[in-house]
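**Q** Dropping in entry03.txt, with compact mmCIF, C-alpha atoms and all ligand atoms.
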```txt
# COMPACT_ATOMS: atom_id res chain seq x y z
CA MET Z 1 355.02 4.82 251.72
CA LEU Z 2 355.13 4.77 255.52
CA SER Z 3 355.11 1.47 257.40
CA GLN Z 4 353.06 1.06 260.58
CA GLY Z 5 356.23 1.67 262.58
CA ASP Z 6 356.93 4.92 260.70
CA THR Z 7 353.33 5.99 261.20
CA TYR Z 8 353.63 5.29 264.91
CA ALA Z 9 356.79 7.42 265.03
CA GLN Z 10 355.01 10.29 263.26
CA ILE Z 11 352.13 10.12 265.73
CA ARG Z 12 354.48 10.01 268.71
CA SER Z 13 356.50 12.97 267.51
CA ARG Z 14 353.56 15.22 266.62
CA LYS Z 15 353.38 18.59 268.27
CA PRO Z 16 350.24 18.81 270.45
CA ASP Z 17 347.67 21.44 269.40
CA PHE Z 18 349.29 21.72 265.95
CA SER Z 19 347.98 20.30 262.68
CA LEU Z 20 349.50 16.96 261.70
CA SER Z 21 352.41 16.19 259.40
CA ARG Z 22 351.93 16.00 255.63
CA GLU Z 23 352.44 12.24 255.74
CA LEU Z 24 349.59 11.76 258.22
CA TYR Z 25 347.26 13.57 255.78
CA ALA Z 26 348.53 12.14 252.50
CA ASP Z 27 350.74 9.05 252.67
CA PRO Z 28 349.22 5.83 251.26
CA GLY Z 29 350.89 3.76 254.00
CA VAL Z 30 349.34 5.96 256.71
CA TYR Z 31 346.01 5.63 254.91
CA GLN Z 32 346.31 1.84 255.03
CA THR Z 33 347.19 2.00 258.72
CA ASP Z 34 344.20 4.32 259.35
CA LEU Z 35 341.97 1.71 257.71
CA GLU Z 36 343.38 -1.14 259.76
CA ALA Z 37 343.68 0.63 263.12
CA ILE Z 38 340.48 2.71 262.97
CA TRP Z 39 338.08 2.03 260.13
CA TYR Z 40 338.15 -1.78 260.46
CA LYS Z 41 337.86 -1.56 264.26
CA GLU Z 42 335.42 1.21 265.15
CA TRP Z 43 331.64 1.52 264.79
CA ILE Z 44 330.87 3.24 261.49
CA PHE Z 45 327.63 5.06 260.68
CA ALA Z 46 325.97 3.30 257.72
CA VAL Z 47 322.46 4.65 257.00
CA PRO Z 48 319.42 6.07 258.76
CA ALA Z 49 317.18 3.08 259.53
CA CYS Z 50 314.23 4.65 257.72
CA GLU Z 51 316.18 4.45 254.45
CA LEU Z 52 315.52 0.70 254.64
CA ALA Z 53 311.81 0.99 255.27
CA LYS Z 54 310.56 -2.43 254.15
CA PRO Z 55 311.87 -6.02 254.31
CA GLY Z 56 314.36 -6.54 251.50
CA ALA Z 57 315.40 -2.90 251.25
CA TYR Z 58 319.19 -2.68 251.17
CA ALA Z 59 322.04 -0.19 250.93
CA THR Z 60 325.65 -0.93 250.08
CA MET Z 61 328.80 0.86 251.18
CA GLN Z 62 332.53 0.46 250.79
CA VAL Z 63 334.63 0.68 253.97
CA GLY Z 64 338.23 0.60 252.76
CA ALA Z 65 338.66 -2.78 251.09
CA TYR Z 66 335.38 -4.17 252.41
CA PRO Z 67 332.14 -4.00 250.41
CA VAL Z 68 329.24 -4.24 252.87
CA VAL Z 69 325.49 -4.64 252.35
CA VAL Z 70 322.99 -3.52 255.00
CA ILE Z 71 319.53 -5.06 254.56
CA ARG Z 72 316.23 -5.24 256.40
CA GLY Z 73 314.96 -8.76 257.11
CA LYS Z 74 311.41 -10.15 257.06
CA ASP Z 75 311.50 -9.88 260.86
CA MET Z 76 312.12 -6.10 260.36
CA ARG Z 77 315.60 -6.36 261.85
CA ILE Z 78 318.38 -4.65 259.95
CA ARG Z 79 321.51 -6.77 259.43
CA ALA Z 80 324.83 -6.21 257.71
CA PHE Z 81 326.85 -8.70 255.66
CA HIS Z 82 330.05 -8.73 253.70
CA ASN Z 83 328.81 -8.04 250.19
CA VAL Z 84 330.80 -10.98 248.83
CA CYS Z 85 329.40 -14.21 247.41
CA ARG Z 86 330.56 -17.37 249.19
CA HIS Z 87 330.90 -19.20 245.85
CA ARG Z 88 333.75 -17.47 244.02
CA GLY Z 89 333.63 -14.10 245.67
CA GLN Z 90 331.53 -11.99 243.35
CA ARG Z 91 330.31 -8.73 244.81
CA LEU Z 92 326.67 -9.59 245.43
CA CYS Z 93 324.96 -6.20 245.15
CA ALA Z 94 326.51 -3.68 242.80
CA LYS Z 95 323.84 -1.02 243.25
CA VAL Z 96 324.09 1.69 245.93
CA SER Z 97 320.61 0.77 247.14
CA GLY Z 98 317.62 -1.28 246.12
CA SER Z 99 315.03 -3.77 247.23
CA THR Z 100 314.96 -7.53 246.77
CA THR Z 101 313.26 -10.65 248.10
CA ASN Z 102 316.52 -12.61 248.25
CA LEU Z 103 320.13 -11.71 247.55
CA VAL Z 104 320.91 -13.39 244.23
CA CYS Z 105 324.51 -13.44 243.05
CA PRO Z 106 324.68 -12.12 239.48
CA TYR Z 107 327.49 -14.58 238.54
CA HIS Z 108 326.02 -18.09 239.08
CA GLN Z 109 322.85 -17.19 240.95
CA TRP Z 110 323.70 -18.54 244.37
CA THR Z 111 320.82 -17.17 246.40
CA TYR Z 112 320.79 -16.00 250.02
CA ASP Z 113 317.76 -15.10 252.09
CA LEU Z 114 317.53 -11.77 253.92
CA GLU Z 115 319.17 -13.34 256.97
CA GLY Z 116 322.20 -14.34 254.89
CA LYS Z 117 321.39 -18.06 254.67
CA LEU Z 118 322.33 -19.77 251.41
CA ILE Z 119 319.03 -21.14 250.07
CA PHE Z 120 319.93 -22.02 246.47
CA ALA Z 121 323.12 -23.19 244.75
CA ARG Z 122 322.68 -25.22 241.56
CA ASP Z 123 324.58 -28.46 240.83
CA MET Z 124 326.98 -28.39 243.74
CA GLY Z 125 326.98 -32.17 244.21
CA GLU Z 126 325.82 -34.50 246.94
CA ASP Z 127 328.37 -33.54 249.56
CA PHE Z 128 327.76 -29.81 249.38
CA ASN Z 129 326.59 -28.34 252.66
CA PRO Z 130 324.85 -25.00 252.04
CA GLN Z 131 324.83 -24.23 255.76
CA ALA Z 132 328.58 -23.79 255.62
CA PHE Z 133 328.28 -21.03 253.01
CA GLY Z 134 326.02 -18.38 254.47
CA LEU Z 135 326.98 -14.75 254.02
CA LYS Z 136 329.59 -13.50 256.45
CA LYS Z 137 328.07 -11.23 259.07
CA VAL Z 138 329.13 -7.72 259.94
CA HIS Z 139 328.16 -6.35 263.37
CA CYS Z 140 325.19 -4.03 263.07
CA VAL Z 141 323.24 -1.96 265.62
CA ASP Z 142 320.27 0.34 265.38
CA LEU Z 143 320.90 3.34 267.66
CA SER Z 144 317.34 4.62 267.88
CA GLY Z 145 317.07 5.16 264.14
CA VAL Z 146 320.66 5.36 262.93
CA ILE Z 147 322.41 2.17 261.81
CA TYR Z 148 326.05 1.59 262.68
CA ILE Z 149 328.22 -1.30 261.53
CA CYS Z 150 331.56 -2.64 262.78
CA LEU Z 151 333.97 -4.84 260.84
CA ALA Z 152 335.98 -5.93 263.88
CA ALA Z 153 335.64 -9.48 265.17
CA VAL Z 154 334.98 -7.99 268.61
CA PRO Z 155 333.50 -4.49 268.33
CA PRO Z 156 334.21 -1.78 270.90
CA PRO Z 157 331.50 -1.09 273.50
CA ILE Z 158 328.52 0.87 272.18
CA ALA Z 159 326.13 0.60 275.15
CA ASP Z 160 326.76 4.13 276.47
CA LEU Z 161 326.12 5.75 273.12
CA ALA Z 162 323.08 3.51 272.56
CA LYS Z 163 321.61 4.61 275.90
CA THR Z 164 322.28 8.29 275.26
CA ALA Z 165 320.92 8.07 271.71
CA MET Z 166 317.74 6.47 273.04
CA THR Z 167 316.89 9.45 275.21
CA TYR Z 168 318.28 12.21 273.00
CA LEU Z 169 316.96 10.97 269.64
CA ALA Z 170 313.50 9.84 270.79
CA PRO Z 171 311.82 13.29 270.38
CA SER Z 172 313.27 13.61 266.85
CA GLY Z 173 310.89 11.00 265.45
CA LEU Z 174 313.32 8.97 263.36
CA GLY Z 175 310.99 5.98 263.62
CA ASP Z 176 308.40 7.87 261.57
CA ALA Z 177 310.79 9.38 259.06
CA LYS Z 178 311.56 8.89 255.39
CA VAL Z 179 314.39 9.94 253.12
CA ALA Z 180 313.59 13.12 251.19
CA PHE Z 181 316.93 13.45 249.43
CA THR Z 182 320.45 12.00 249.34
CA SER Z 183 323.61 13.57 247.97
CA SER Z 184 326.95 11.86 247.65
CA ILE Z 185 330.10 13.79 246.77
CA ILE Z 186 333.79 12.99 246.57
CA GLU Z 187 336.10 15.48 248.25
CA ASN Z 188 339.73 15.42 247.11
CA GLY Z 189 341.07 15.45 250.64
CA ASN Z 190 342.09 13.03 253.38
CA TRP Z 191 339.23 11.89 255.64
CA LYS Z 192 340.84 13.59 258.64
CA LEU Z 193 340.74 16.95 256.87
CA VAL Z 194 337.01 16.43 256.27
CA ILE Z 195 336.39 15.72 259.96
CA GLU Z 196 338.70 18.53 261.14
CA ASN Z 197 336.84 20.97 258.94
CA ASN Z 198 333.54 19.89 260.43
CA ARG Z 199 334.77 20.29 263.98
CA GLU Z 200 335.27 24.04 263.80
CA CYS Z 201 333.36 27.09 262.66
CA TYR Z 202 336.45 29.32 262.43
CA HIS Z 203 335.93 29.00 258.66
CA CYS Z 204 332.15 29.50 258.67
CA GLY Z 205 332.07 33.30 258.33
CA GLY Z 206 334.44 33.17 255.36
CA SER Z 207 332.93 30.16 253.62
CA HIS Z 208 329.26 29.63 254.44
CA PRO Z 209 327.09 32.68 253.65
CA SER Z 210 323.85 30.68 253.54
CA LEU Z 211 324.51 28.49 256.60
CA CYS Z 212 325.50 31.59 258.59
CA ARG Z 213 321.96 32.95 258.29
CA THR Z 214 320.88 30.36 260.85
CA PHE Z 215 323.97 28.66 262.30
CA SER Z 216 325.96 30.61 264.86
CA ASP Z 217 329.72 30.51 264.42
CA ASN Z 218 330.18 30.91 268.17
CA PRO Z 219 332.87 28.28 268.84
CA LYS Z 220 331.01 27.19 271.97
CA MET Z 221 328.24 25.76 269.75
CA GLY Z 222 330.50 23.04 268.47
CA ALA Z 223 332.81 22.26 271.39
CA MET Z 224 331.36 22.76 274.85
CA ASP Z 225 333.31 21.90 277.95
CA GLY Z 226 330.52 20.22 279.85
CA PRO Z 227 326.81 20.13 280.64
CA HIS Z 228 326.98 23.21 282.87
CA SER Z 229 329.68 25.34 281.31
CA ALA Z 230 328.39 26.51 277.96
CA SER Z 231 327.74 30.15 277.06
CA PRO Z 232 324.66 31.84 278.61
CA GLU Z 233 322.55 31.58 275.44
CA ILE Z 234 323.20 27.82 275.22
CA LEU Z 235 322.50 27.29 278.94
CA GLU Z 236 319.26 29.18 278.57
CA HIS Z 237 318.32 27.07 275.54
CA TRP Z 238 319.03 23.85 277.44
CA ASP Z 239 316.88 24.99 280.37
CA ARG Z 240 314.00 25.87 278.11
CA CYS Z 241 314.23 22.65 276.07
CA GLU Z 242 314.72 20.36 279.06
CA ALA Z 243 311.78 21.96 280.88
CA ALA Z 244 309.73 20.95 277.84
CA GLY Z 245 311.05 17.37 277.99
CA LEU Z 246 313.80 17.58 275.35
CA PRO Z 247 317.14 16.12 276.50
CA SER Z 248 319.58 18.80 275.38
CA ARG Z 249 322.59 19.14 277.65
CA PHE Z 250 326.06 18.45 276.31
CA VAL Z 251 327.01 14.81 276.77
CA HIS Z 252 330.12 13.13 275.46
CA HIS Z 253 332.32 10.05 275.37
CA PRO Z 254 335.27 10.33 277.82
CA ALA Z 255 337.75 10.64 274.91
CA PHE Z 256 335.31 12.73 272.83
CA GLN Z 257 334.67 9.99 270.27
CA TRP Z 258 331.07 11.19 270.30
CA ARG Z 259 329.08 14.13 271.56
CA LEU Z 260 325.44 15.18 271.61
CA ALA Z 261 324.03 18.62 272.45
CA ARG Z 262 321.04 20.66 271.35
CA ILE Z 263 322.08 24.12 270.24
CA PRO Z 264 319.94 27.17 269.50
CA LEU Z 265 319.89 28.53 265.96
CA LEU Z 266 320.52 32.24 265.34
CA ASN Z 267 317.65 34.62 266.10
CA ASN Z 268 315.21 31.79 266.88
CA ALA Z 269 315.53 30.40 263.37
CA GLU Z 270 313.47 27.24 262.89
CA SER Z 271 315.55 25.42 260.34
CA TYR Z 272 318.55 25.59 258.00
CA THR Z 273 316.71 27.54 255.32
CA MET Z 274 317.42 30.81 253.54
CA SER Z 275 314.29 32.29 255.15
CA THR Z 276 315.11 30.84 258.61
CA LYS Z 277 311.59 29.36 258.69
CA ALA Z 278 310.78 25.63 258.78
CA ALA Z 279 311.27 23.85 255.44
CA VAL Z 280 308.69 21.17 256.19
CA ALA Z 281 305.15 21.89 257.37
CA ARG Z 282 304.58 18.32 258.65
CA ARG Z 283 306.89 18.29 261.64
CA MET Z 284 308.95 15.39 262.96
CA GLY Z 285 308.64 13.65 266.31
CA THR Z 286 307.42 15.45 269.39
CA MET Z 287 309.41 18.67 269.32
CA PRO Z 288 307.50 21.06 271.60
CA PHE Z 289 308.32 24.29 269.77
CA ASN Z 290 309.55 25.42 266.37
CA ASP Z 291 312.77 26.99 267.57
CA ALA Z 292 314.18 24.04 269.53
CA GLY Z 293 317.35 24.42 267.46
CA SER Z 294 319.47 21.54 266.28
CA LEU Z 295 320.49 18.41 268.13
CA LEU Z 296 324.11 17.93 267.08
CA MET Z 297 325.55 14.45 267.20
CA TYR Z 298 328.93 13.38 265.97
CA HIS Z 299 330.68 10.05 266.17
CA TYR Z 300 334.28 9.53 265.04
CA PRO Z 301 335.51 8.51 262.61
CA ASN Z 302 332.66 9.07 260.22
CA THR Z 303 329.52 11.00 261.04
CA TRP Z 304 327.93 14.24 262.17
CA ASN Z 305 324.20 14.88 262.27
CA HIS Z 306 321.66 17.62 262.78
CA PHE Z 307 318.20 16.76 264.16
CA LEU Z 308 315.73 19.64 263.92
CA GLY Z 309 312.01 20.07 264.49
CA ASP Z 310 311.07 19.85 260.82
CA HIS Z 311 313.80 17.64 259.35
CA ALA Z 312 317.01 15.79 260.14
CA ILE Z 313 320.27 15.54 258.23
CA THR Z 314 322.79 12.72 258.49
CA PHE Z 315 326.32 12.92 257.13
CA ARG Z 316 328.42 9.84 256.38
CA VAL Z 317 332.13 10.09 255.69
CA LEU Z 318 333.95 7.17 254.03
CA PRO Z 319 337.60 7.15 253.01
CA VAL Z 320 338.24 6.37 249.34
CA SER Z 321 342.02 6.86 249.14
CA ALA Z 322 344.71 8.79 251.03
CA THR Z 323 343.45 12.00 249.43
CA GLN Z 324 339.82 11.22 248.53
CA THR Z 325 336.77 11.01 250.78
CA GLU Z 326 333.11 10.32 250.05
CA VAL Z 327 330.57 12.43 251.94
CA THR Z 328 326.96 11.26 251.78
CA THR Z 329 324.26 13.57 253.11
CA THR Z 330 320.70 12.39 253.72
CA TRP Z 331 317.74 14.65 254.47
CA LEU Z 332 314.94 13.03 256.49
CA VAL Z 333 311.40 14.30 256.87
CA HIS Z 334 308.21 12.92 258.45
CA LYS Z 335 307.06 9.89 256.47
CA ASP Z 336 303.69 11.53 255.73
CA ALA Z 337 305.20 14.80 254.50
CA VAL Z 338 304.43 15.19 250.82
CA GLU Z 339 306.92 16.85 248.51
CA GLY Z 340 305.38 19.87 246.79
CA VAL Z 341 302.67 20.07 249.47
CA ASP Z 342 304.42 19.98 252.85
CA TYR Z 343 307.87 20.87 251.60
CA ASP Z 344 309.78 22.11 248.62
CA LEU Z 345 312.92 20.06 247.98
CA LYS Z 346 315.04 23.05 246.97
CA THR Z 347 314.11 24.98 250.12
CA LEU Z 348 314.87 21.90 252.23
CA THR Z 349 318.25 21.08 250.71
CA GLU Z 350 319.80 24.27 249.31
CA VAL Z 351 321.62 25.47 252.42
CA TRP Z 352 323.47 22.24 253.14
CA LEU Z 353 324.07 21.44 249.46
CA ALA Z 354 325.81 24.81 249.23
CA THR Z 355 327.57 24.30 252.58
CA ASN Z 356 328.85 20.86 251.56
CA ASP Z 357 330.21 22.26 248.32
CA GLU Z 358 331.89 25.12 250.18
CA ASP Z 359 333.39 22.62 252.64
CA ARG Z 360 334.55 20.45 249.72
CA GLN Z 361 336.42 23.43 248.30
CA VAL Z 362 338.16 24.32 251.57
CA VAL Z 363 339.11 20.68 252.20
CA GLU Z 364 340.51 20.33 248.66
CA GLU Z 365 342.53 23.54 248.95
CA ASN Z 366 343.72 22.44 252.40
CA GLN Z 367 344.94 19.15 250.92
CA LYS Z 368 346.70 20.95 248.05
CA GLY Z 369 348.56 23.24 250.44
CA ILE Z 370 349.54 20.35 252.71
CA LEU Z 371 351.02 18.51 249.70
CA SER Z 372 353.52 21.35 249.22
CA PRO Z 373 357.02 20.64 250.54
CA ALA Z 374 356.73 24.09 252.14
CA TYR Z 375 353.86 22.95 254.42
CA GLU Z 376 354.60 22.61 258.08
CA PRO Z 377 352.09 21.91 260.86
CA GLY Z 378 350.49 25.08 262.19
CA PRO Z 379 348.84 25.93 265.53
CA TYR Z 380 345.12 25.38 266.12
CA SER Z 381 343.25 28.26 267.75
CA PRO Z 382 342.50 27.27 271.35
CA ILE Z 383 339.41 29.48 271.21
CA GLN Z 384 338.03 28.54 267.81
CA GLU Z 385 339.38 25.06 267.15
CA GLU Z 386 338.91 23.20 270.42
CA GLY Z 387 336.81 20.62 268.54
CA VAL Z 388 339.64 20.01 266.07
CA ILE Z 389 342.11 19.60 268.92
CA GLN Z 390 339.74 17.05 270.49
CA PHE Z 391 339.45 15.11 267.22
CA VAL Z 392 343.20 15.07 266.54
CA ASP Z 393 343.87 14.04 270.15
CA TRP Z 394 341.31 11.24 269.85
CA TYR Z 395 342.92 10.05 266.61
CA CYS Z 396 346.51 10.22 267.87
CA THR Z 397 345.74 8.55 271.20
CA LEU Z 398 343.88 5.70 269.53
CA MET Z 399 346.56 5.22 266.87
CA ALA Z 400 349.37 5.33 269.44
CA ASP Z 401 347.54 2.71 271.54
CA ARG Z 402 346.89 0.42 268.62
CA LEU Z 403 350.30 0.76 266.97
CA ALA Z 404 352.44 0.61 270.12
CA PRO Z 405 354.95 -2.22 269.84
CA GLN Z 406 353.78 -5.13 271.97
CA PRO Z 407 356.15 -6.11 274.78
CA ALA Z 408 357.88 -9.39 273.93
CA GLN Z 409 356.13 -12.35 275.54
CA ALA Z 410 358.18 -14.33 278.03
CA ALA Z 411 358.93 -17.78 276.62
O1 LIG Z 501 327.87 20.49 261.06
C1 LIG Z 501 328.37 21.03 262.02
O2 LIG Z 501 328.52 20.38 263.05
C2 LIG Z 501 328.86 22.44 261.95
C3 LIG Z 501 328.52 23.14 260.71
C4 LIG Z 501 329.68 23.92 260.31
C5 LIG Z 501 330.77 23.59 261.21
N1 LIG Z 501 330.28 22.62 262.16
C6 LIG Z 501 330.62 22.90 263.52
FE1 LIG Z 502 328.41 -15.96 243.29
FE2 LIG Z 502 329.32 -17.80 241.64
S1 LIG Z 502 330.39 -16.17 242.50
S2 LIG Z 502 327.34 -17.59 242.42
FE FE Z 503 332.09 24.17 256.92
```
Hey, can you dump this file as structure tokens for me?
**A**
Amino acid sequence: MLSQGDTYAQIRSRKPDFSLSRELYADPGVYQTDLEAIWYKEWIFAVPACELAKPGAYATMQVGAYPVVVIRGKDMRIRAFHNVCRHRGQRLCAKVSGSTTNLVCPYHQWTYDLEGKLIFARDMGEDFNPQAFGLKKVHCVDLSGVIYICLAAVPPPIADLAKTAMTYLAPSGLGDAKVAFTSSIIENGNWKLVIENNRECYHCGGSHPSLCRTFSDNPKMGAMDGPHSASPEILEHWDRCEAAGLPSRFVHHPAFQWRLARIPLLNNAESYTMSTKAAVARRMGTMPFNDAGSLLMYHYPNTWNHFLGDHAITFRVLPVSATQTEVTTTWLVHKDAVEGVDYDLKTLTEVWLATNDEDRQVVEENQKGILSPAYEPGPYSPIQEEGVIQFVDWYCTLMADRLAPQPAQAA
């Protein structure tokens, strides 16, 4: 098991533009360091806001060692708390999601309101001060319809992403959306292999027959160089969309922690369906035409998203162990769209359910090969895997910064 110092040494000695060492993808000590240096410090995508439609609606998630509950208050604000009772530490909500008027601990029924205030604790004596035992808060922001949480005491800046999300996501109508379907799977692979796999389409032709009906595997769809340097078809798409009021141009964080861009689908496809036509008749937001493509948004370490004219899909990645990762996919449609009338659930979900399963298989086989003593890091394709190079660079730079030995303080 690698210490933080050993992990730092592995990061420092990695060969640029090559895949990482086996330890960085599999060692339990590295996994622990990933949790502490990244997962407990960065903003993490939690849920689409519309999943918590009414006051009292909640969703739980596990970020490393931390159980978290995200809940909508009576004031309609969404907040996040450590999902841990302040009495003797029971996990408060065991369910993945639900709805409640107050958060009642199942052990001795200490009761918290939706703002986390302790409002009932039986027989605690005269001196007991309930105000001192409210739920512990977790930072929580609503980025124009997607909820992010951060476990750090002082979270990293999010203002730039919040501003970009406000303009880019507005036409997608997330404020008037509802959840049509959720799928949660465990992939037997390290979280970094899951993200790496998502950041390239080198594997798409060989793995994703149904996605490839509508999603171009042109590497420039996933990793553009800038707002003016994409391929001609993308530039043309941006011009057309922006003329119609849809922010579309490639925009990214300076170290590529996040990126948004609206890409065209193949042959003017409308949606990720087998037929290439829209899956949902009741459209979302204010998209001016059916073939506006997909607004791609990723944010490291844990999400990628597709926002289309007829539906949206969010993906949430959470690490479970050094070699296990949970991937939760949520399909959103207009809140007034009626299943069986405006959309058929199979038509809506089949392409990405298949794609996720195909990605699970490649990630699992990737992990198995990496576990072999014969594995050695191999070169990424500069043409096809620019997005992977960007992700691995982001990861290594951040880890190196956070793990660097601190200079000794002068006495
Ligand atoms: O979800 C994405 O962003 C796509 C789909 C397949 C690979 N990736 C670039
Ligand atoms: Fe929650 Fe006792 S542990 S009420
Ligand atoms: Fe894939």
**Q** Extract, using only C-alpha atoms, all DNA, RNA and protein residues at most 12 Å from stretch 107-110 of chain Z, discarding same-chain residues fewer than 4 positions from it, and format them as an mmCIF file with C-alpha atoms, in the frame of the given file.
**A**
```cif
data_model
loop_
_atom_site.group_PDB
_atom_site.id
_atom_site.type_symbol
_atom_site.label_atom_id
_atom_site.label_comp_id
_atom_site.auth_asym_id
_atom_site.auth_seq_id
_atom_site.Cartn_x
_atom_site.Cartn_y
_atom_site.Cartn_z
ATOM 1 C CA VAL Z 84 330.800 -10.980 248.830
ATOM 2 C CA CYS Z 85 329.400 -14.210 247.410
ATOM 3 C CA ARG Z 86 330.560 -17.370 249.190
ATOM 4 C CA HIS Z 87 330.900 -19.200 245.850
ATOM 5 C CA ARG Z 88 333.750 -17.470 244.020
ATOM 6 C CA GLY Z 89 333.630 -14.100 245.670
ATOM 7 C CA GLN Z 90 331.530 -11.990 243.350
ATOM 8 C CA ARG Z 91 330.310 -8.730 244.810
ATOM 9 C CA LEU Z 92 326.670 -9.590 245.430
ATOM 10 C CA CYS Z 93 324.960 -6.200 245.150
ATOM 11 C CA ALA Z 94 326.510 -3.680 242.800
ATOM 12 C CA ASN Z 102 316.520 -12.610 248.250
ATOM 13 C CA LEU Z 103 320.130 -11.710 247.550
ATOM 14 C CA GLY Z 116 322.200 -14.340 254.890
ATOM 15 C CA LYS Z 117 321.390 -18.060 254.670
ATOM 16 C CA LEU Z 118 322.330 -19.770 251.410
ATOM 17 C CA ILE Z 119 319.030 -21.140 250.070
ATOM 18 C CA PHE Z 120 319.930 -22.020 246.470
ATOM 19 C CA ALA Z 121 323.120 -23.190 244.750
ATOM 20 C CA ARG Z 122 322.680 -25.220 241.560
ATOM 21 C CA ASP Z 123 324.580 -28.460 240.830
ATOM 22 C CA MET Z 124 326.980 -28.390 243.740
ATOM 23 C CA PRO Z 130 324.850 -25.000 252.040
ATOM 24 C CA PHE Z 133 328.280 -21.030 253.010
ATOM 25 C CA GLY Z 134 326.020 -18.380 254.470
ATOM 26 C CA LEU Z 135 326.980 -14.750 254.020
#
```
**Q** Counting only C-alpha atoms, which residues of stretch 204-249 of chain Z sit at most 10 Å from some atom of stretch 192-199 of chain Z, and what is each one's closest atom pair with its distance in Å to one decimal, listed by chain and rising residue number, as a Markdown table?
**A**
```
| residue | atom | partner | partner_atom | distance |
| --- | --- | --- | --- | --- |
| Z:Cys204 | CA | Z:Asn197 | CA | 9.7 |
| Z:Pro219 | CA | Z:Arg199 | CA | 9.5 |
| Z:Gly222 | CA | Z:Arg199 | CA | 6.8 |
| Z:Ala223 | CA | Z:Arg199 | CA | 7.9 |
```
**Q** How about saving the chosen residues, C-alpha atoms kept, as an mmCIF file, in the coordinates of the input?
**A**
```
data_model
loop_
_atom_site.group_PDB
_atom_site.id
_atom_site.type_symbol
_atom_site.label_atom_id
_atom_site.label_comp_id
_atom_site.auth_asym_id
_atom_site.auth_seq_id
_atom_site.Cartn_x
_atom_site.Cartn_y
_atom_site.Cartn_z
ATOM 1 C CA CYS Z 204 332.150 29.500 258.670
ATOM 2 C CA PRO Z 219 332.870 28.280 268.840
ATOM 3 C CA GLY Z 222 330.500 23.040 268.470
ATOM 4 C CA ALA Z 223 332.810 22.260 271.390
#
```
**Q** Set the distance at 8 Å and use all atoms listed in the file: which residues neighbour stretch 1-17 of chain Z once local chain neighbours fewer than 5 positions away are removed? I'd like the list as an MDAnalysis selection string.
**A** chainID Z and resid 23:24 27:30 33 379:380 389 393 396 399:400 403:404
**Q** Calculated over all atoms listed in the file, which of the candidates Z:Ser216, Z:Ser231, Z:Thr273, Z:Thr347 has the smallest distance to ligand FE 503 (chain Z)?
**A**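 Selected residue with least distance to ligand FE 503 (chain Z): Z:Ser216.
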**Q** Taking all atoms listed in the file into account, name the residue in Z:Cys212, Z:Met287, Z:Val338, Z:Ala281 that is nearest to Z:Leu265.
**A**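 Smallest separation from Z:Leu265 among the options: Z:Cys212.
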**Q** Excluding Z:Ala165 and its own-chain neighbours fewer than 4 positions away, which residues fall within 7 Å of it when counting all atoms listed in the file? Please give them as an mmCIF file with C-alpha atoms, in the frame of the given file.
**A**
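Writing the result to selection22.cif gives the following:
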```cif
data_model
loop_
_atom_site.group_PDB
_atom_site.id
_atom_site.type_symbol
_atom_site.label_atom_id
_atom_site.label_comp_id
_atom_site.auth_asym_id
_atom_site.auth_seq_id
_atom_site.Cartn_x
_atom_site.Cartn_y
_atom_site.Cartn_z
ATOM 1 C CA LEU Z 143 320.900 3.340 267.660
ATOM 2 C CA SER Z 144 317.340 4.620 267.880
ATOM 3 C CA LEU Z 161 326.120 5.750 273.120
ATOM 4 C CA LEU Z 169 316.960 10.970 269.640
#
```
**Q** Rounded to one decimal place, report the atom CA of Z:Arg72-atom CA of Z:Thr111 distance in Å.
**A** 16.2 Å
**Q** Atom CA of Z:Ile186 and atom CA of Z:Arg213 are how many Å apart?
**A**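 About the pair atom CA of Z:Ile186 and atom CA of Z:Arg213: they are 26.0 Å apart.
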**Q** Grab the atom CA of Z:Ser21 to atom CA of Z:Pro373 distance for me, in Å with one decimal place.
**A**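 The value is 10.9 Å.
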**Q** So, counting only C-alpha atoms and all ligand atoms, which residue among Z:Ala312, Z:Cys201, Z:Leu266, Z:Ala153 is closest to ligand FE 503 (chain Z)?
**A**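 Checking each of Z:Ala312, Z:Cys201, Z:Leu266, Z:Ala153 against ligand FE 503 (chain Z), counting only C-alpha atoms and all ligand atoms, the winner is Z:Cys201.
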